[in-house]
file model31.tsv (TSV, C-alpha atoms)
chain	number	residue	atom	x	y	z
A	1	MET	CA	76.37	10.51	35.07
A	2	LEU	CA	76.64	8.94	31.61
A	3	LYS	CA	73.68	10.99	30.33
A	4	ARG	CA	75.22	14.10	31.82
A	5	LEU	CA	78.52	13.43	30.02
A	6	ILE	CA	76.74	12.73	26.73
A	7	LYS	CA	74.88	16.04	27.02
A	8	LEU	CA	78.15	17.77	27.80
A	9	ALA	CA	79.90	16.23	24.80
A	10	GLY	CA	77.08	17.09	22.39
A	11	SER	CA	76.85	20.63	23.71
A	12	SER	CA	80.62	21.10	23.41
A	13	PHE	CA	80.32	20.19	19.73
A	14	ILE	CA	77.49	22.71	19.23
A	15	TRP	CA	79.52	25.38	21.03
A	16	GLY	CA	82.48	24.72	18.72
A	17	MET	CA	80.29	24.98	15.64
A	18	ASP	CA	78.81	28.24	16.94
A	19	ARG	CA	82.30	29.67	17.41
A	20	LEU	CA	83.22	28.63	13.89
A	21	THR	CA	80.05	30.15	12.45
A	22	ASP	CA	80.55	33.42	14.32
A	23	GLY	CA	84.17	33.58	13.16
A	24	LEU	CA	83.12	33.12	9.54
A	25	ARG	CA	80.44	35.79	9.93
A	26	GLN	CA	83.03	38.24	11.26
A	27	LEU	CA	85.38	37.47	8.37
A	28	ALA	CA	82.50	38.30	6.04
A	29	GLY	CA	81.98	41.62	7.81
A	30	ARG	CA	78.82	40.50	9.59
A	31	SER	CA	77.99	40.56	13.30
A	32	PRO	CA	77.98	37.32	15.34
A	33	GLN	CA	74.63	35.58	15.53
A	34	ARG	CA	72.44	37.00	18.30
A	35	ARG	CA	71.51	34.46	20.99
A	36	PHE	CA	69.06	34.86	23.86
A	37	VAL	CA	68.96	32.14	26.52
A	38	VAL	CA	66.42	31.91	29.34
A	39	LEU	CA	67.74	29.99	32.34
A	40	TYR	CA	65.55	28.46	35.01
A	41	TYR	CA	66.34	27.43	38.56
A	42	HIS	CA	64.23	26.18	41.43
A	43	GLY	CA	65.87	26.97	44.77
A	44	VAL	CA	69.25	28.26	45.94
A	45	LEU	CA	70.11	26.85	49.36
A	46	ALA	CA	72.54	28.53	51.75
A	47	GLU	CA	75.29	26.07	50.84
A	48	GLU	CA	74.74	26.85	47.15
A	49	LYS	CA	75.12	30.62	47.40
A	50	VAL	CA	78.81	30.74	46.53
A	51	ALA	CA	78.32	28.56	43.44
A	52	PHE	CA	75.30	30.61	42.35
A	53	GLU	CA	77.27	33.83	42.82
A	54	ARG	CA	80.04	32.50	40.59
A	55	GLN	CA	77.48	31.63	37.93
A	56	MET	CA	76.01	35.11	38.03
A	57	ASP	CA	79.47	36.67	37.81
A	58	PHE	CA	80.14	34.57	34.73
A	59	LEU	CA	76.75	35.56	33.29
A	60	THR	CA	77.37	39.29	33.65
A	61	ALA	CA	80.86	38.94	32.18
A	62	ASN	CA	79.72	36.98	29.14
A	63	ALA	CA	76.15	38.07	28.38
A	64	THR	CA	73.78	41.00	28.76
A	65	PRO	CA	71.23	40.33	31.53
A	66	ALA	CA	67.66	40.78	30.32
A	67	ALA	CA	64.14	40.19	31.56
A	68	CYS	CA	62.65	36.94	30.29
A	69	ASP	CA	59.79	38.84	28.62
A	70	THR	CA	61.97	41.34	26.81
A	71	GLN	CA	60.83	42.08	23.27
A	72	HIS	CA	63.72	44.17	21.96
A	73	LEU	CA	67.41	43.25	21.83
A	74	ASN	CA	69.70	46.19	21.20
A	75	GLY	CA	72.18	44.60	18.84
A	76	ARG	CA	74.57	42.79	21.17
A	77	SER	CA	75.23	39.13	20.50
A	78	ARG	CA	74.52	37.40	23.83
A	79	TYR	CA	71.59	37.85	26.21
A	80	ALA	CA	70.49	35.82	29.21
A	81	ALA	CA	67.47	35.86	31.51
A	82	VAL	CA	67.12	34.24	34.94
A	83	THR	CA	63.86	32.65	36.10
A	84	PHE	CA	62.79	30.59	39.11
A	85	ASP	CA	59.96	28.09	39.27
A	86	ASP	CA	58.06	27.41	42.53
A	87	ALA	CA	58.78	30.66	44.46
A	88	PHE	CA	60.88	29.03	47.17
A	89	VAL	CA	61.94	31.10	50.17
A	90	SER	CA	65.53	30.16	49.42
A	91	VAL	CA	65.34	32.26	46.24
A	92	ARG	CA	64.36	35.33	48.23
A	93	ASP	CA	66.98	34.72	50.90
A	94	HIS	CA	69.97	33.58	48.86
A	95	ALA	CA	69.52	34.31	45.15
A	96	LEU	CA	67.85	37.72	45.00
A	97	PRO	CA	70.53	39.62	46.99
A	98	ILE	CA	73.13	38.36	44.51
A	99	LEU	CA	70.96	39.30	41.54
A	100	LYS	CA	70.16	42.76	42.91
A	101	GLU	CA	73.84	43.51	43.44
A	102	ARG	CA	74.50	42.72	39.79
A	103	LYS	CA	71.28	44.28	38.46
A	104	ILE	CA	70.13	40.99	36.94
A	105	PRO	CA	66.34	40.84	36.45
A	106	ALA	CA	64.53	37.82	37.88
A	107	THR	CA	61.13	36.29	37.16
A	108	ILE	CA	59.55	34.11	39.86
A	109	PHE	CA	56.73	31.73	38.92
A	110	VAL	CA	54.38	31.11	41.84
A	111	PRO	CA	52.08	28.11	42.57
A	112	THR	CA	49.34	29.93	44.46
A	113	GLY	CA	47.88	26.89	46.20
A	114	TYR	CA	51.02	26.41	48.30
A	115	LEU	CA	51.71	29.94	49.51
A	116	GLY	CA	53.51	29.82	52.84
A	117	THR	CA	53.66	26.01	52.93
A	118	THR	CA	55.90	23.14	51.89
A	119	PRO	CA	55.68	22.10	48.20
A	120	GLY	CA	53.14	19.31	48.33
A	121	TRP	CA	53.86	18.13	44.78
A	122	ILE	CA	57.41	17.06	45.73
A	123	LYS	CA	57.96	13.61	47.17
A	124	LYS	CA	58.57	13.68	50.91
A	125	ALA	CA	62.17	12.43	50.79
A	126	ALA	CA	63.21	15.00	48.21
A	127	ARG	CA	61.45	17.78	50.13
A	128	GLN	CA	63.23	16.86	53.35
A	129	SER	CA	66.60	16.79	51.59
A	130	ARG	CA	66.20	20.39	50.38
A	131	SER	CA	64.01	21.85	53.16
A	132	GLU	CA	62.22	24.20	50.76
A	133	THR	CA	59.15	26.30	51.53
A	134	VAL	CA	57.02	28.34	49.13
A	135	MET	CA	56.90	32.06	49.90
A	136	SER	CA	53.79	33.50	51.54
A	137	ALA	CA	51.40	35.98	49.96
A	138	GLU	CA	52.97	38.77	52.04
A	139	GLU	CA	56.45	37.82	50.86
A	140	ILE	CA	55.32	37.72	47.23
A	141	ARG	CA	53.67	41.12	47.63
A	142	ALA	CA	56.87	42.61	49.05
A	143	LEU	CA	59.00	41.15	46.23
A	144	ALA	CA	56.66	42.48	43.56
A	145	SER	CA	57.65	46.04	44.52
A	146	ASP	CA	61.30	45.33	43.71
A	147	PRO	CA	62.18	46.71	40.26
A	148	ILE	CA	64.28	43.67	39.31
A	149	VAL	CA	61.52	41.16	40.14
A	150	THR	CA	58.61	40.07	37.94
A	151	ILE	CA	55.94	37.73	39.29
A	152	GLY	CA	54.42	35.07	37.05
A	153	SER	CA	51.96	32.22	37.54
A	154	HIS	CA	52.83	28.55	37.97
A	155	THR	CA	49.21	27.29	38.36
A	156	ILE	CA	47.44	26.68	41.67
A	157	THR	CA	48.41	23.10	42.58
A	158	HIS	CA	51.44	22.48	40.31
A	159	PRO	CA	49.78	19.71	38.24
A	160	ASN	CA	50.75	18.29	34.89
A	161	VAL	CA	48.30	20.52	33.04
A	162	SER	CA	48.40	18.38	29.90
A	163	LYS	CA	46.78	15.49	31.79
A	164	LEU	CA	43.87	17.54	33.15
A	165	PRO	CA	40.44	17.84	31.49
A	166	ALA	CA	39.82	21.22	29.88
A	167	ASP	CA	37.82	22.81	32.71
A	168	PRO	CA	40.27	22.01	35.53
A	169	ALA	CA	43.17	23.07	33.30
A	170	LEU	CA	41.45	26.38	32.59
A	171	MET	CA	40.85	26.90	36.31
A	172	GLU	CA	44.52	26.28	37.13
A	173	LEU	CA	45.65	28.87	34.60
A	174	ARG	CA	42.96	31.47	35.23
A	175	GLU	CA	42.52	31.36	39.01
A	176	SER	CA	46.24	31.42	39.76
A	177	LYS	CA	46.57	34.52	37.59
A	178	LEU	CA	43.66	36.25	39.32
A	179	GLU	CA	44.94	35.37	42.78
A	180	LEU	CA	48.41	36.74	42.06
A	181	GLU	CA	46.99	39.94	40.59
A	182	LYS	CA	44.96	40.36	43.76
A	183	ILE	CA	48.06	39.83	45.91
A	184	ILE	CA	50.48	42.13	44.08
A	185	GLY	CA	48.05	44.68	42.63
A	186	LYS	CA	49.59	44.38	39.16
A	187	PRO	CA	48.76	42.48	35.95
A	188	VAL	CA	50.25	38.98	35.78
A	189	ASP	CA	50.80	37.98	32.17
A	190	LEU	CA	53.66	35.46	32.35
A	191	PHE	CA	53.17	31.75	33.02
A	192	SER	CA	55.38	28.69	33.27
A	193	PHE	CA	54.05	25.15	32.81
A	194	PRO	CA	54.72	22.84	35.77
A	195	HIS	CA	56.84	19.86	34.71
A	196	GLY	CA	57.20	21.54	31.31
A	197	GLU	CA	54.20	19.60	29.99
A	198	TYR	CA	51.46	21.12	27.83
A	199	THR	CA	49.34	20.50	24.78
A	200	ALA	CA	48.16	22.76	21.96
A	201	ARG	CA	44.93	23.05	23.96
A	202	ASP	CA	46.83	24.36	26.97
A	203	LEU	CA	48.59	27.00	24.89
A	204	GLU	CA	45.22	28.20	23.64
A	205	LEU	CA	43.84	28.26	27.19
A	206	ALA	CA	46.82	30.36	28.26
A	207	ARG	CA	46.11	32.85	25.47
A	208	LYS	CA	42.43	32.86	26.37
A	209	VAL	CA	42.97	33.86	30.01
A	210	GLY	CA	45.37	36.65	29.04
A	211	TYR	CA	48.94	35.44	29.34
A	212	ARG	CA	51.27	37.36	27.07
A	213	ARG	CA	54.07	34.82	27.20
A	214	VAL	CA	54.40	31.25	28.51
A	215	PHE	CA	57.48	29.20	29.29
A	216	GLY	CA	58.37	25.55	28.92
A	217	ILE	CA	61.53	23.65	29.78
A	218	HIS	CA	62.80	22.71	26.31
A	219	PRO	CA	66.30	24.26	25.98
A	220	ALA	CA	65.68	26.21	22.77
A	221	LEU	CA	67.05	29.67	22.11
A	222	ALA	CA	64.46	32.39	22.66
A	223	SER	CA	63.17	34.69	19.93
A	224	PRO	CA	61.53	37.37	22.05
A	225	GLN	CA	60.17	39.44	19.20
A	226	SER	CA	57.84	36.73	17.94
A	227	GLU	CA	57.32	33.80	20.30
A	228	PHE	CA	54.42	33.13	22.65
A	229	LEU	CA	56.01	29.93	23.99
A	230	ILE	CA	59.61	30.34	25.15
A	231	GLY	CA	62.00	27.52	25.94
A	232	ARG	CA	64.32	27.58	28.94
A	233	VAL	CA	67.52	25.83	29.98
A	234	ALA	CA	67.55	24.02	33.33
A	235	VAL	CA	70.41	25.18	35.57
A	236	ASN	CA	71.50	24.23	39.08
A	237	PRO	CA	74.01	26.04	41.29
A	238	TRP	CA	75.97	22.79	41.46
A	239	ASP	CA	76.38	22.46	37.69
A	240	TRP	CA	79.97	22.04	36.61
A	241	PRO	CA	81.46	25.36	35.40
A	242	ILE	CA	81.77	23.99	31.86
A	243	GLU	CA	78.11	22.94	31.94
A	244	PHE	CA	77.01	26.41	32.97
A	245	ARG	CA	79.18	28.02	30.31
A	246	LEU	CA	77.67	25.84	27.59
A	247	LYS	CA	74.11	26.34	28.86
A	248	LEU	CA	74.60	30.10	28.95
A	249	ALA	CA	75.93	29.97	25.39
A	250	GLY	CA	72.79	28.17	24.20
A	251	ALA	CA	74.75	25.05	23.29
A	252	TYR	CA	72.28	22.69	24.98
A	253	ARG	CA	69.65	23.53	22.36
A	254	TRP	CA	70.50	20.39	20.38
A	255	LEU	CA	68.52	18.43	23.00
A	256	THR	CA	65.39	20.13	21.66
A	257	TRP	CA	66.19	18.81	18.20
A	258	ILE	CA	66.31	15.26	19.60
A	259	THR	CA	63.41	15.62	22.05
A	260	PRO	CA	61.05	18.41	20.96
A	261	ALA	CA	59.14	20.62	23.39
A	262	ARG	CA	57.33	18.34	25.82
A	263	GLN	CA	53.76	18.22	24.63
A	264	GLY	CA	51.34	15.82	26.23
A	265	ASN	CA	48.64	13.86	24.45
call {"tool": "encode", "arguments": {"input": "model31.tsv", "output": "structure tokens"}}
result
Amino acid sequence: MLKRLIKLAGSSFIWGMDRLTDGLRQLAGRSPQRRFVVLYYHGVLAEEKVAFERQMDFLTANATPAACDTQHLNGRSRYAAVTFDDAFVSVRDHALPILKERKIPATIFVPTGYLGTTPGWIKKAARQSRSETVMSAEEIRALASDPIVTIGSHTITHPNVSKLPADPALMELRESKLELEKIIGKPVDLFSFPHGEYTARDLELARKVGYRRVFGIHPALASPQSEFLIGRVAVNPWDWPIEFRLKLAGAYRWLTWITPARQGN
């Protein structure tokens, strides 16, 4: 709780400074600074639907929804993208209907080694508490035909890629991509690193196998025109409303300044 409050206090300060900066820019006849934030969730359980719906209502009222791989912003000041790691069934059942109703694009990153099964990388107690299951190949194929959904890779077995030797790391990145392309019949060129861990080697491997954009979990603002590696802000349906507001505003980016993008050895 203390860490959560410290993050909230620091982000409130950043938000205030952003408001001051934007006000000064407007006084000088300039537009507010453009900010693009990529959010990431895991699952949305049935009991979290109402909270998630409120968050998406706030998002559409205060930002322009965009795909996480967008390359062109049309001049507005605030943009937000919604992504999901792990491809849990709860996302299909509870989150996507809410997103479709509001025309909010969603990117789902899939660990291909767990299709249709429980997430074996999660400790048993935590798995039981959330009762999550990874979507099957058939479910992923059906979602890929939805115009608001983009499918990306999340490796095969959800390892910490930075701790793997080069050959197994390459296999995780390459084979998951190929398997997903076989399932959905479309190119898969987006990837998110499990646990947010990677090295410079892993970024080069991702480029080598053909990913156009990769995603970490450092809460930096996105610069879609130029970046290969994009940071994301962790969000939960049960976040306090003030937390979600600050995350959506990009005010949690100061945590990246203190703890840079999580690169392994």
call {"tool": "closest_atom_pairs", "arguments": {"input": "model31.tsv", "of": "stretch 164-197 of chain A", "to": "stretch 26-43 of chain A", "cutoff": "12 Å", "atoms": "all atoms listed in the file", "output": "JSON lines"}}
result
{"residue": "A:Ser192", "atom": "CA", "partner": "A:Tyr40", "partner_atom": "CA", "distance": 10.3}
{"residue": "A:Pro194", "atom": "CA", "partner": "A:His42", "partner_atom": "CA", "distance": 11.6}
{"residue": "A:His195", "atom": "CA", "partner": "A:His42", "partner_atom": "CA", "distance": 11.8}
{"residue": "A:Gly196", "atom": "CA", "partner": "A:Tyr40", "partner_atom": "CA", "distance": 11.5}
call {"tool": "closest_residue", "arguments": {"input": "model31.tsv", "among": "A:Gly185, A:His218, A:Ala166, A:Thr150", "to": "A:Thr259", "atoms": "all atoms listed in the file"}}
result
A:His218
call {"tool": "closest_residue", "arguments": {"input": "model31.tsv", "among": "A:Ala137, A:Ile230, A:Leu170, A:Val209", "to": "A:Lys182", "atoms": "only C-alpha atoms"}}
result
A:Ala137
call {"tool": "closest_atom_pairs", "arguments": {"input": "model31.tsv", "of": "stretch 186-246 of chain A", "to": "stretch 9-19 of chain A", "cutoff": "12 Å", "atoms": "only C-alpha atoms", "output": "JSON lines"}}
result
{"residue": "A:Pro219", "atom": "CA", "partner": "A:Ser11", "partner_atom": "CA", "distance": 11.4}
{"residue": "A:Ile242", "atom": "CA", "partner": "A:Ser12", "partner_atom": "CA", "distance": 9.0}
{"residue": "A:Glu243", "atom": "CA", "partner": "A:Ser11", "partner_atom": "CA", "distance": 8.6}
{"residue": "A:Phe244", "atom": "CA", "partner": "A:Ser11", "partner_atom": "CA", "distance": 10.9}
{"residue": "A:Arg245", "atom": "CA", "partner": "A:Trp15", "partner_atom": "CA", "distance": 9.7}
{"residue": "A:Leu246", "atom": "CA", "partner": "A:Ser11", "partner_atom": "CA", "distance": 6.5}
call {"tool": "residues_near_point", "arguments": {"input": "model31.tsv", "point": "(70.0, 25.7, 48.4)", "cutoff": "10 Å", "atoms": "all atoms listed in the file", "output": "JSON, numbers by chain"}}
result
{"A": [42, 43, 44, 45, 46, 47, 48, 49, 52, 88, 89, 90, 91, 93, 94, 95, 130, 131, 132, 236, 237, 238]}
call {"tool": "closest_residue", "arguments": {"input": "model31.tsv", "among": "A:Cys68, A:Leu73, A:Ala81, A:Ile98", "to": "A:Arg213", "atoms": "all atoms listed in the file"}}
result
A:Cys68
call {"tool": "atom_distance", "arguments": {"input": "model31.tsv", "atom1": "atom CA of A:Arg78", "atom2": "atom CA of A:Leu190"}}
result
22.6 Å
call {"tool": "residues_around", "arguments": {"input": "model31.tsv", "residues": "stretch 139-149 of chain A", "least_positions_apart": "4", "cutoff": "9 Å", "atoms": "all atoms listed in the file", "output": "PyMOL selection string"}}
result
chain A and resi 67+87+89+92+96+99-100+103-108+110+115-116+135+180+183-186
call {"tool": "atom_distance", "arguments": {"input": "model31.tsv", "atom1": "atom CA of A:Glu227", "atom2": "atom CA of A:His72"}}
result
12.3 Å
call {"tool": "atom_distance", "arguments": {"input": "model31.tsv", "atom1": "atom CA of A:Ala220", "atom2": "atom CA of A:His154"}}
result
20.0 Å
call {"tool": "closest_residue", "arguments": {"input": "model31.tsv", "among": "A:Thr256, A:Val233, A:Asp86, A:Lys247", "to": "A:Leu59", "atoms": "only C-alpha atoms"}}
result
A:Lys247
call {"tool": "residues_around", "arguments": {"input": "model31.tsv", "residues": "A:Thr157", "least_positions_apart": "5", "cutoff": "8 Å", "atoms": "only C-alpha atoms", "output": "PDB file with C-alpha atoms, in the coordinates of the input"}}
result
ATOM      1  CA  PRO A 111      52.080  28.110  42.570  1.00  0.00           C
ATOM      2  CA  THR A 112      49.340  29.930  44.460  1.00  0.00           C
ATOM      3  CA  GLY A 113      47.880  26.890  46.200  1.00  0.00           C
ATOM      4  CA  TYR A 114      51.020  26.410  48.300  1.00  0.00           C
ATOM      5  CA  TRP A 121      53.860  18.130  44.780  1.00  0.00           C
ATOM      6  CA  GLU A 172      44.520  26.280  37.130  1.00  0.00           C
TER       7      GLU A 172
END
call {"tool": "residues_around", "arguments": {"input": "model31.tsv", "residues": "A:Ser153", "least_positions_apart": "6", "cutoff": "6 Å", "atoms": "only C-alpha atoms", "output": "number ranges by chain"}}
result
A: 109-110, 177, 191
call {"tool": "axis_aligned_box", "arguments": {"input": "model31.tsv", "around": "stretch 141-147 of chain A", "padding_each_side": "4 Å", "output": "lines of an AutoDock Vina configuration file"}}
result
center_x = 57.9
center_y = 43.9
center_z = 44.7
size_x = 16.5
size_y = 13.6
size_z = 16.8
call {"tool": "residues_around", "arguments": {"input": "model31.tsv", "residues": "A:Val161", "least_positions_apart": "6", "cutoff": "9 Å", "atoms": "all atoms listed in the file", "output": "list in words"}}
result
Thr155, Pro168, Ala169, Glu172, Leu173, Phe193, Pro194, His195, Glu197, Tyr198, Thr199, Asp202 and Gly264 of chain A
call {"tool": "closest_residue", "arguments": {"input": "model31.tsv", "among": "A:Gly210, A:Ala249, A:His158, A:Glu179", "to": "A:Ser77", "atoms": "only C-alpha atoms"}}
result
A:Ala249
